[in-house]
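One structure is given below, encoded as C-alpha cells.
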Amino acid sequence: MGDLSAFTAPAFRDRLTAVLSATATAKALPNPCYVDPDFLAFERARLYEAGWACLGFGKDVPKPGDVVPRSLLGLPLILVRDTRNEIRVFHNVCSHRGAELVTEPCHVGAVLRCPYHSWAYDLEGKLKATPFIGGPGVNRCDGFDKSAHGLRAVRTAVWFDMVFVNVSGQAQDFSAYIAPLAERWSMFDPSLIRHSGADSSTTFHVNCNWKLAVENYCEAYHLPSIHPGLNSYSKLEDHYHIEEPDHFAGQGTHVYAPLLVKDGPNLPQFPNLPSKWDKAAEYASLFPNVLLGIHRDHYYAIRLEPVSLGQTREHLEIYYIDDASADPVFEPVKQANLNAWKTVFAEDVDVVERMQLGRHSPGYDGGVFSPAMDGPTHVFHRWLAKKLLTA
C-alpha cells in the first residue's frame, strides 16, 4: 500500500484540520491529496473500502447469469445478477489459488468457473465443484469442506439502479447512508426509471484526480465562463446551493427548460410532482463517487472511476420514466438530451485537467473558498478531511 505514515503525521493532520474551519477562512485540501502516489492507497482504505461507494449499475447486468468485472481503485470485484434476479458483488478471485475469475463482461448461465483449475461456483458464491482435487478423476478430498471456500461476498445495496458496495463490511447501514438524499428526493419513485441503451450512455476519460471532478460538479460558480449554452437559459443567479454536511452537496436550478427538439414530444414524467419541479432540477455529488441529476422527465448518474492518481473515467448513464419512454417516438428527444449533456460535461474537461496540472506547483497549496459561491465544494472537502482525521 506504500508509505502512508506521512498522512497520519501531526503536520498533515494539522493541515487537514485547517479544512474544517468556516468557509471564509478554511484552507482547501493540500496538493499531496491530488499528486502523491501514496495518497491514493490511503484514501482507498479510508474512503472507498471503509464506506459506501458506487461500483456500477443494475443495467450493467440486465439478465440472470450476467457478470461484469469491476475495479475499485485496483481492488478486483465482480458484479453478478444471480438466478433469483438479485444483484451480488464478490471479490473477483478464486478461493483456490487466487486467479481472477472474470476479465470481461459475459453471460455465465448458472455457474462461475475459474479458468485455472476449473473450480466452479454458483451465482450465490457457493463452491460447487472441485475437479481432480483428490487426484486424476477424483473430485473430492477428505477433510475439505466446500462450504468454507466459497467466493467472498461484498456488502451490497442498490438505489436508483446504482450498485453500492462496502468492502470493509463496517460502514453504517446503507439505509442510514442514503437517507438524507432519499428523503430530499422522496417524490421521485426509483422503480419508474428505465435505461434505454446506447442513447443513454457515454464515458469520458479525464486526466484529473477524481476529487476535482466532484469539486467542479458541486458548484455553479463556473457556469458563465465554462457553460455559456447552459447559462443562456439557466443562469448563475437562477441557481441555489445544496449542502448536506457529511453526505452530499451540489446545486439546483429554478429554470431548467432546454429546447431539445423543436416541436418534439414531451418525455414521460415522474407522476405527482410538486409544481416547483415543472422547471426545477437538482444536481448532487453523493460522496464519494457519484454525480447525480434529477429532473421531472429524466434522471442521470455519473459514476466516477478513479483509474490512477491523475486519471478518472466518468461513466454517464441517463434514465427515463416508465415503460412508455421506450416508444420510438422519443428517440430523437433522448438522443438530443444525451448530446446536450455530453456537451456540458465535455466543457468541464479542460478546467479540471488544468487544476490537476496546477496541483503540481509549489506555488499553490489548496487555495481558498469563496464564502458566497464555494460552500458546496467546501462541504465535500470537510467530509473528506473528517473521514481521514477520524479513521
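Chains: A, B, ... in order of the C-alpha cells. Residues: from 1 per chain. Ligands: from 1, in order shown.
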Practice item. Would you mind listing what lies within 12 Å of segment 264-274 of chain A as JSON, numbers by chain, with only C-alpha atoms counted and same-chain residues fewer than 2 positions away left out? Key: {"A": [185, 186, 187, 188, 189, 190, 191, 192, 193, 194, 257, 258, 259, 260, 261, 262, 276, 277, 278, 279, 280, 294, 295, 296, 297, 298, 299, 319, 320, 321, 322, 323, 324, 325, 326, 327, 328, 329, 330, 331, 332, 333, 334, 335, 336, 337]}
Each residue of segment 170-280 of chain A with at least one atom at most 9 Å from segment 347-360 of chain A should appear once, together with its nearest atom pair and the corresponding distance in Å (one decimal); atoms considered: only C-alpha atoms; ordering: chain, then increasing residue number; output as a tab-separated table.
residue	atom	partner	partner_atom	distance
A:Phe204	CA	A:Val349	CA	8.6
A:His205	CA	A:Val349	CA	8.8
A:Val206	CA	A:Val349	CA	6.4
A:Asn207	CA	A:Glu353	CA	5.5
A:Cys208	CA	A:Glu353	CA	5.2
A:Asn209	CA	A:Gln356	CA	6.7
A:Leu212	CA	A:Val352	CA	6.1
A:Ala213	CA	A:Val352	CA	6.6
A:Asn216	CA	A:Val352	CA	7.3
A:Tyr217	CA	A:Asp348	CA	8.9
A:Ile226	CA	A:Glu347	CA	6.3
A:His227	CA	A:Glu347	CA	6.7
At a cut-off of 10 Å, can you tabulate as CSV every residue of segment 29-104 of chain A near segment 6-14 of chain A together with its closest atom pair and the distance in Å to one decimal, using only C-alpha atoms and ordering rows by chain then number?
residue,atom,partner,partner_atom,distance
A:Pro30,CA,A:Phe12,CA,9.0
A:Pro32,CA,A:Phe7,CA,9.2
A:Cys33,CA,A:Phe7,CA,9.4
A:Asp38,CA,A:Phe7,CA,9.0
A:Phe39,CA,A:Phe7,CA,7.5
A:Phe42,CA,A:Phe7,CA,7.7
A:Glu43,CA,A:Phe7,CA,9.9
I need the chosen residues saved as a compact mmCIF listing (two decimals), in the first residue's frame, with N, CA, C and O atoms.
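out-v4.txt was written with the following content:
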# COMPACT_ATOMS: atom_id res chain seq x y z
N PRO A 30 -4.76 20.01 0.64
CA PRO A 30 -3.42 20.31 0.13
C PRO A 30 -3.06 19.48 -1.10
O PRO A 30 -3.67 18.44 -1.39
N PRO A 32 -0.75 17.25 -1.90
CA PRO A 32 -0.49 15.80 -1.87
C PRO A 32 -1.75 14.96 -2.04
O PRO A 32 -1.67 13.82 -2.51
N CYS A 33 -2.90 15.49 -1.71
CA CYS A 33 -4.15 14.75 -1.88
C CYS A 33 -4.47 14.47 -3.34
O CYS A 33 -5.32 13.63 -3.65
N ASP A 38 1.17 7.78 -2.98
CA ASP A 38 0.78 7.01 -1.80
C ASP A 38 -0.59 7.44 -1.26
O ASP A 38 -1.23 6.67 -0.54
N PHE A 39 -1.03 8.65 -1.60
CA PHE A 39 -2.29 9.12 -1.05
C PHE A 39 -3.47 8.32 -1.60
O PHE A 39 -4.47 8.12 -0.92
N PHE A 42 -4.01 5.50 0.55
CA PHE A 42 -4.54 5.98 1.83
C PHE A 42 -6.04 6.21 1.74
O PHE A 42 -6.81 5.74 2.58
N GLU A 43 -6.49 6.89 0.69
CA GLU A 43 -7.91 7.18 0.61
C GLU A 43 -8.72 5.98 0.14
O GLU A 43 -9.91 5.88 0.44
So that each row is one residue of segment 1-92 of chain A with an atom at most 9 Å from segment 114-138 of chain A, can you give its shortest atom pair and the distance in Å to one decimal, using only C-alpha atoms, rows by chain and rising number, as a tab-separated table?
residue	atom	partner	partner_atom	distance
A:Gly65	CA	A:Leu123	CA	7.4
A:Val80	CA	A:Leu123	CA	7.1
A:Arg81	CA	A:Leu123	CA	7.5
A:Asp82	CA	A:Leu123	CA	5.0
A:Thr83	CA	A:Leu123	CA	6.9
A:Arg88	CA	A:Glu124	CA	7.6
A:Phe90	CA	A:Gly125	CA	7.6
Exercise for review: Would you please extract all strand (DSSP E or B) residues from segment 24-184 of chain A, as assigned by DSSP on the backbone, and give them as number ranges by chain?
Suggested key: A: 53-57, 66-72, 75-81, 87-91, 106-107, 111-113, 120-122, 127-129, 153-159, 162-166
Practice item. Considering only C-alpha atoms, state which residue in the set A:His239, A:Lys146, A:His107, A:His315 is at the smallest distance from Met373 of chain A. Key: A:His239
Point to revise | alpha helix (DSSP H) per DSSP on the backbone: members of segment 153-309 of chain A, as an NGL selection string | key: :A and (174-184 or 210-218 or 223-226 or 228-233)
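Counting only C-alpha atoms and comparing A:Ala45, A:Val102, A:Ala176, A:Ala281, the residue that lies closest to Arg70 of chain A is A:Val102.
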Exercise for review: Can you pull out every residue within 8 Å of Ala18 of chain A, counting only C-alpha atoms, but drop anything in the same chain fewer than 5 positions away, and send it as JSON, numbers by chain?
Suggested key: {"A": [26, 27, 28]}
Since we have the selection now, will you write its residues out, keeping all heavy atoms, as a PDB file, in the first residue's frame?
ATOM      1  N   ALA A  26     -11.354  28.769   5.778  1.00  0.00           N
ATOM      2  CA  ALA A  26     -10.790  27.419   5.637  1.00  0.00           C
ATOM      3  C   ALA A  26      -9.738  27.366   4.540  1.00  0.00           C
ATOM      4  O   ALA A  26      -9.777  28.121   3.563  1.00  0.00           O
ATOM      5  CB  ALA A  26     -11.900  26.429   5.328  1.00  0.00           C
ATOM      6  N   LYS A  27      -8.797  26.442   4.705  1.00  0.00           N
ATOM      7  CA  LYS A  27      -7.880  26.096   3.630  1.00  0.00           C
ATOM      8  C   LYS A  27      -8.434  24.855   2.938  1.00  0.00           C
ATOM      9  O   LYS A  27      -9.012  23.978   3.581  1.00  0.00           O
ATOM     10  CB  LYS A  27      -6.484  25.819   4.183  1.00  0.00           C
ATOM     11  CG  LYS A  27      -5.825  27.033   4.819  1.00  0.00           C
ATOM     12  CD  LYS A  27      -4.324  26.842   4.935  1.00  0.00           C
ATOM     13  CE  LYS A  27      -3.650  26.928   3.581  1.00  0.00           C
ATOM     14  NZ  LYS A  27      -2.164  26.881   3.680  1.00  0.00           N
ATOM     15  N   ALA A  28      -8.261  24.785   1.634  1.00  0.00           N
ATOM     16  CA  ALA A  28      -8.727  23.614   0.900  1.00  0.00           C
ATOM     17  C   ALA A  28      -7.712  22.477   1.038  1.00  0.00           C
ATOM     18  O   ALA A  28      -6.639  22.643   1.617  1.00  0.00           O
ATOM     19  CB  ALA A  28      -8.949  23.975  -0.559  1.00  0.00           C
TER      20      ALA A  28
END
Practice item. Just the residues within 7 Å of segment 155-164 of chain A, please, counting only C-alpha atoms, with nothing from its chain fewer than 3 positions along; format it as a list in words. Key: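 Here the answer would be Trp52, Ala53, Cys54, Leu55, Gly56, Phe57, Gly58, Arg88, Val89, Val167, Gly169, Phe174 and Pro190 of chain A.
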Would you mind exporting the chosen residues as a compact mmCIF listing (two decimals), in the first residue's frame, restricted to all heavy atoms?
# COMPACT_ATOMS: atom_id res chain seq x y z
N TRP A 52 -19.40 3.46 1.83
CA TRP A 52 -20.17 3.01 0.68
C TRP A 52 -19.67 3.74 -0.57
O TRP A 52 -19.51 4.95 -0.55
CB TRP A 52 -21.65 3.28 0.87
CG TRP A 52 -22.29 2.42 1.92
CD1 TRP A 52 -22.54 2.75 3.22
CD2 TRP A 52 -22.74 1.07 1.75
NE1 TRP A 52 -23.13 1.69 3.87
CE2 TRP A 52 -23.28 0.64 2.99
CE3 TRP A 52 -22.77 0.18 0.67
CZ2 TRP A 52 -23.82 -0.62 3.19
CZ3 TRP A 52 -23.30 -1.08 0.86
CH2 TRP A 52 -23.82 -1.48 2.10
N ALA A 53 -19.44 3.00 -1.66
CA ALA A 53 -19.02 3.59 -2.92
C ALA A 53 -19.78 2.92 -4.05
O ALA A 53 -20.15 1.75 -3.97
CB ALA A 53 -17.51 3.41 -3.12
N CYS A 54 -20.00 3.67 -5.12
CA CYS A 54 -20.73 3.14 -6.27
C CYS A 54 -19.78 2.33 -7.15
O CYS A 54 -18.74 2.83 -7.58
CB CYS A 54 -21.35 4.27 -7.07
SG CYS A 54 -22.34 3.71 -8.48
N LEU A 55 -20.18 1.09 -7.44
CA LEU A 55 -19.36 0.19 -8.25
C LEU A 55 -19.87 0.05 -9.68
O LEU A 55 -19.12 -0.28 -10.59
CB LEU A 55 -19.31 -1.19 -7.59
CG LEU A 55 -18.38 -2.21 -8.22
CD1 LEU A 55 -16.92 -1.83 -7.97
CD2 LEU A 55 -18.66 -3.61 -7.67
N GLY A 56 -21.15 0.29 -9.88
CA GLY A 56 -21.74 0.12 -11.21
C GLY A 56 -23.23 0.32 -11.14
O GLY A 56 -23.75 0.97 -10.23
N PHE A 57 -23.94 -0.27 -12.11
CA PHE A 57 -25.38 -0.09 -12.23
C PHE A 57 -26.06 -1.43 -12.46
O PHE A 57 -25.48 -2.35 -13.05
CB PHE A 57 -25.71 0.86 -13.39
CG PHE A 57 -25.10 2.22 -13.23
CD1 PHE A 57 -23.83 2.49 -13.70
CD2 PHE A 57 -25.80 3.23 -12.59
CE1 PHE A 57 -23.26 3.75 -13.55
CE2 PHE A 57 -25.25 4.49 -12.43
CZ PHE A 57 -23.98 4.75 -12.90
N GLY A 58 -27.31 -1.54 -12.02
CA GLY A 58 -28.06 -2.74 -12.28
C GLY A 58 -28.18 -3.03 -13.76
O GLY A 58 -28.19 -4.20 -14.18
N ARG A 88 -25.48 -9.23 -6.78
CA ARG A 88 -24.48 -9.55 -5.77
C ARG A 88 -23.12 -9.05 -6.24
O ARG A 88 -22.89 -8.90 -7.45
CB ARG A 88 -24.40 -11.07 -5.52
CG ARG A 88 -25.69 -11.69 -4.99
CD ARG A 88 -25.55 -13.20 -4.88
NE ARG A 88 -26.79 -13.82 -4.44
CZ ARG A 88 -27.11 -14.06 -3.16
NH1 ARG A 88 -26.26 -13.71 -2.20
NH2 ARG A 88 -28.26 -14.63 -2.84
N VAL A 89 -22.22 -8.84 -5.28
CA VAL A 89 -20.85 -8.48 -5.60
C VAL A 89 -19.92 -9.39 -4.80
O VAL A 89 -20.14 -9.64 -3.61
CB VAL A 89 -20.56 -7.00 -5.26
CG1 VAL A 89 -19.08 -6.68 -5.48
CG2 VAL A 89 -21.42 -6.07 -6.12
N VAL A 167 -16.75 -2.52 1.17
CA VAL A 167 -15.78 -3.62 1.16
C VAL A 167 -15.41 -4.04 2.57
O VAL A 167 -15.28 -5.23 2.86
CB VAL A 167 -14.53 -3.22 0.35
CG1 VAL A 167 -13.47 -4.31 0.42
CG2 VAL A 167 -14.91 -2.96 -1.11
N GLY A 169 -17.17 -3.93 5.22
CA GLY A 169 -18.29 -4.50 5.97
C GLY A 169 -18.59 -3.77 7.26
O GLY A 169 -19.48 -4.19 8.02
N PHE A 174 -26.75 0.86 4.95
CA PHE A 174 -26.94 1.65 3.73
C PHE A 174 -28.15 2.57 3.86
O PHE A 174 -28.13 3.70 3.36
CB PHE A 174 -27.11 0.74 2.51
CG PHE A 174 -27.28 1.51 1.24
CD1 PHE A 174 -26.19 2.08 0.60
CD2 PHE A 174 -28.54 1.70 0.68
CE1 PHE A 174 -26.35 2.81 -0.56
CE2 PHE A 174 -28.71 2.42 -0.49
CZ PHE A 174 -27.61 2.98 -1.11
N PRO A 190 -37.99 5.64 -7.62
CA PRO A 190 -36.91 4.97 -8.37
C PRO A 190 -37.37 3.74 -9.13
O PRO A 190 -36.67 3.32 -10.06
CB PRO A 190 -35.90 4.60 -7.27
CG PRO A 190 -36.67 4.60 -6.00
CD PRO A 190 -37.75 5.62 -6.16
Review point. Neighbours of Leu291 of chain A within 10 Å (only C-alpha atoms; same-chain residues fewer than 6 positions away dropped), as a list in words?
Key: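 Everything that qualifies: Ala213, Val214, Tyr217, Cys218, Phe248, Ala249, Gly250, Tyr283, Ala284, Ser285, Tyr300, Ala301, Ile302, Arg303, Leu304, Glu314, His315 and Leu316 of chain A.
Minimum distance to Asp374 of chain A across A:Thr25, A:Gln172, A:Asn31, A:Thr202 (counting only C-alpha atoms) occurs at A:Thr25.
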Point to revise | 12 Å contact set for Thr390 of chain A, only C-alpha atoms, chain neighbours under 3 positions out, as an NGL selection string | key: :A and (8 or 13 or 16-17 or 46-47 or 50 or 382-387)
I need the residues from that last selection saved to file as a JSON list (two decimals), in the first residue's frame (with all heavy atoms), if you can.
[["chain", "number", "residue", "atom", "x", "y", "z"],
["A", 8, "THR", "N", -0.57, 10.31, 8.32],
["A", 8, "THR", "CA", -1.02, 10.21, 9.71],
["A", 8, "THR", "C", -0.14, 11.03, 10.64],
["A", 8, "THR", "O", -0.37, 11.07, 11.84],
["A", 8, "THR", "CB", -1.01, 8.73, 10.18],
["A", 8, "THR", "OG1", 0.30, 8.19, 10.01],
["A", 8, "THR", "CG2", -2.01, 7.91, 9.38],
["A", 13, "ARG", "N", -2.05, 16.07, 9.60],
["A", 13, "ARG", "CA", -3.33, 16.14, 10.31],
["A", 13, "ARG", "C", -3.69, 17.58, 10.63],
["A", 13, "ARG", "O", -4.86, 17.97, 10.54],
["A", 13, "ARG", "CB", -3.28, 15.29, 11.57],
["A", 13, "ARG", "CG", -3.20, 13.79, 11.28],
["A", 13, "ARG", "CD", -3.13, 12.97, 12.56],
["A", 13, "ARG", "NE", -4.36, 13.10, 13.33],
["A", 13, "ARG", "CZ", -5.46, 12.41, 13.12],
["A", 13, "ARG", "NH1", -5.52, 11.54, 12.12],
["A", 13, "ARG", "NH2", -6.53, 12.58, 13.88],
["A", 16, "LEU", "N", -5.10, 19.05, 7.51],
["A", 16, "LEU", "CA", -6.47, 18.63, 7.29],
["A", 16, "LEU", "C", -7.42, 19.36, 8.24],
["A", 16, "LEU", "O", -8.55, 19.71, 7.86],
["A", 16, "LEU", "CB", -6.61, 17.12, 7.49],
["A", 16, "LEU", "CG", -5.98, 16.22, 6.42],
["A", 16, "LEU", "CD1", -6.16, 14.76, 6.80],
["A", 16, "LEU", "CD2", -6.58, 16.49, 5.05],
["A", 17, "THR", "N", -6.98, 19.58, 9.46],
["A", 17, "THR", "CA", -7.83, 20.29, 10.43],
["A", 17, "THR", "C", -8.16, 21.69, 9.94],
["A", 17, "THR", "O", -9.26, 22.20, 10.18],
["A", 17, "THR", "CB", -7.13, 20.34, 11.79],
["A", 17, "THR", "OG1", -6.90, 19.01, 12.25],
["A", 17, "THR", "CG2", -7.97, 21.08, 12.82],
["A", 46, "ARG", "N", -9.41, 4.46, 3.50],
["A", 46, "ARG", "CA", -10.18, 5.30, 4.42],
["A", 46, "ARG", "C", -11.54, 5.71, 3.87],
["A", 46, "ARG", "O", -12.48, 5.94, 4.62],
["A", 46, "ARG", "CB", -9.40, 6.57, 4.77],
["A", 46, "ARG", "CG", -8.04, 6.36, 5.41],
["A", 46, "ARG", "CD", -8.10, 5.56, 6.70],
["A", 46, "ARG", "NE", -6.91, 5.71, 7.51],
["A", 46, "ARG", "CZ", -5.82, 4.94, 7.43],
["A", 46, "ARG", "NH1", -5.79, 3.96, 6.53],
["A", 46, "ARG", "NH2", -4.78, 5.13, 8.21],
["A", 47, "LEU", "N", -11.65, 5.81, 2.53],
["A", 47, "LEU", "CA", -12.90, 6.31, 1.94],
["A", 47, "LEU", "C", -13.65, 5.20, 1.20],
["A", 47, "LEU", "O", -14.82, 4.94, 1.46],
["A", 47, "LEU", "CB", -12.62, 7.46, 0.97],
["A", 47, "LEU", "CG", -11.89, 8.68, 1.52],
["A", 47, "LEU", "CD1", -11.73, 9.70, 0.40],
["A", 47, "LEU", "CD2", -12.63, 9.28, 2.69],
["A", 50, "ALA", "N", -13.79, 1.67, 3.42],
["A", 50, "ALA", "CA", -14.41, 1.82, 4.74],
["A", 50, "ALA", "C", -15.87, 2.23, 4.65],
["A", 50, "ALA", "O", -16.67, 1.91, 5.54],
["A", 50, "ALA", "CB", -13.63, 2.84, 5.58],
["A", 382, "ARG", "N", -14.67, 19.21, 3.61],
["A", 382, "ARG", "CA", -14.85, 18.93, 5.04],
["A", 382, "ARG", "C", -15.16, 17.44, 5.26],
["A", 382, "ARG", "O", -14.63, 16.83, 6.20],
["A", 382, "ARG", "CB", -15.97, 19.79, 5.63],
["A", 382, "ARG", "CG", -15.60, 21.25, 5.82],
["A", 382, "ARG", "CD", -16.81, 22.05, 6.31],
["A", 382, "ARG", "NE", -17.30, 21.52, 7.57],
["A", 382, "ARG", "CZ", -16.90, 21.93, 8.78],
["A", 382, "ARG", "NH1", -15.99, 22.88, 8.88],
["A", 382, "ARG", "NH2", -17.41, 21.41, 9.87],
["A", 383, "TRP", "N", -16.02, 16.88, 4.43],
["A", 383, "TRP", "CA", -16.36, 15.46, 4.56],
["A", 383, "TRP", "C", -15.11, 14.61, 4.45],
["A", 383, "TRP", "O", -14.87, 13.72, 5.27],
["A", 383, "TRP", "CB", -17.36, 15.06, 3.47],
["A", 383, "TRP", "CG", -17.59, 13.58, 3.36],
["A", 383, "TRP", "CD1", -18.40, 12.80, 4.12],
["A", 383, "TRP", "CD2", -16.95, 12.68, 2.43],
["A", 383, "TRP", "NE1", -18.33, 11.49, 3.72],
["A", 383, "TRP", "CE2", -17.44, 11.40, 2.69],
["A", 383, "TRP", "CE3", -16.02, 12.86, 1.40],
["A", 383, "TRP", "CZ2", -17.04, 10.26, 1.96],
["A", 383, "TRP", "CZ3", -15.60, 11.74, 0.67],
["A", 383, "TRP", "CH2", -16.11, 10.47, 0.96],
["A", 384, "LEU", "N", -14.30, 14.89, 3.42],
["A", 384, "LEU", "CA", -13.11, 14.09, 3.20],
["A", 384, "LEU", "C", -12.11, 14.27, 4.33],
["A", 384, "LEU", "O", -11.54, 13.28, 4.83],
["A", 384, "LEU", "CB", -12.50, 14.46, 1.85],
["A", 384, "LEU", "CG", -11.45, 13.48, 1.31],
["A", 384, "LEU", "CD1", -11.54, 13.40, -0.21],
["A", 384, "LEU", "CD2", -10.05, 13.90, 1.72],
["A", 385, "ALA", "N", -11.89, 15.51, 4.75],
["A", 385, "ALA", "CA", -10.92, 15.76, 5.84],
["A", 385, "ALA", "C", -11.36, 15.06, 7.12],
["A", 385, "ALA", "O", -10.55, 14.45, 7.82],
["A", 385, "ALA", "CB", -10.77, 17.26, 6.06],
["A", 386, "LYS", "N", -12.65, 15.12, 7.44],
["A", 386, "LYS", "CA", -13.15, 14.47, 8.65],
["A", 386, "LYS", "C", -12.98, 12.96, 8.57],
["A", 386, "LYS", "O", -12.61, 12.30, 9.56],
["A", 386, "LYS", "CB", -14.60, 14.85, 8.90],
["A", 386, "LYS", "CG", -14.80, 16.27, 9.37],
["A", 386, "LYS", "CD", -16.26, 16.69, 9.35],
["A", 386, "LYS", "CE", -17.09, 15.93, 10.35],
["A", 386, "LYS", "NZ", -18.48, 16.43, 10.39],
["A", 387, "LYS", "N", -13.26, 12.38, 7.40],
["A", 387, "LYS", "CA", -13.11, 10.94, 7.24],
["A", 387, "LYS", "C", -11.65, 10.52, 7.48],
["A", 387, "LYS", "O", -11.36, 9.51, 8.12],
["A", 387, "LYS", "CB", -13.53, 10.51, 5.84],
["A", 387, "LYS", "CG", -15.02, 10.53, 5.58],
["A", 387, "LYS", "CD", -15.72, 9.40, 6.31],
["A", 387, "LYS", "CE", -17.18, 9.33, 5.94],
["A", 387, "LYS", "NZ", -17.89, 8.26, 6.70]]
Practice item. Just the residues within 9 Å of Asp60 of chain A, please, counting only C-alpha atoms, with nothing from its chain fewer than 5 positions along; format it as a PyMOL selection string. Key: chain A and resi 66-68+79+105
Selected residues, N, CA, C and O atoms, written as a PDB file, in the first residue's frame, please.
ATOM      1  N   ASP A  66     -25.688 -12.787 -15.901  1.00  0.00           N
ATOM      2  CA  ASP A  66     -24.766 -11.771 -16.407  1.00  0.00           C
ATOM      3  C   ASP A  66     -23.745 -11.420 -15.323  1.00  0.00           C
ATOM      4  O   ASP A  66     -24.077 -11.298 -14.142  1.00  0.00           O
ATOM      5  N   VAL A  67     -22.504 -11.220 -15.759  1.00  0.00           N
ATOM      6  CA  VAL A  67     -21.387 -10.980 -14.853  1.00  0.00           C
ATOM      7  C   VAL A  67     -20.517  -9.871 -15.442  1.00  0.00           C
ATOM      8  O   VAL A  67     -20.248  -9.855 -16.647  1.00  0.00           O
ATOM      9  N   VAL A  68     -20.085  -8.927 -14.590  1.00  0.00           N
ATOM     10  CA  VAL A  68     -19.234  -7.827 -15.038  1.00  0.00           C
ATOM     11  C   VAL A  68     -18.103  -7.629 -14.030  1.00  0.00           C
ATOM     12  O   VAL A  68     -18.365  -7.468 -12.831  1.00  0.00           O
ATOM     13  N   LEU A  79     -19.420  -8.028 -10.378  1.00  0.00           N
ATOM     14  CA  LEU A  79     -20.837  -7.697 -10.241  1.00  0.00           C
ATOM     15  C   LEU A  79     -21.648  -8.794 -10.934  1.00  0.00           C
ATOM     16  O   LEU A  79     -21.399  -9.118 -12.098  1.00  0.00           O
ATOM     17  N   PRO A 105     -16.980  -8.508 -19.401  1.00  0.00           N
ATOM     18  CA  PRO A 105     -18.402  -8.784 -19.182  1.00  0.00           C
ATOM     19  C   PRO A 105     -18.830 -10.019 -19.972  1.00  0.00           C
ATOM     20  O   PRO A 105     -18.407 -10.215 -21.121  1.00  0.00           O
TER      21      PRO A 105
END
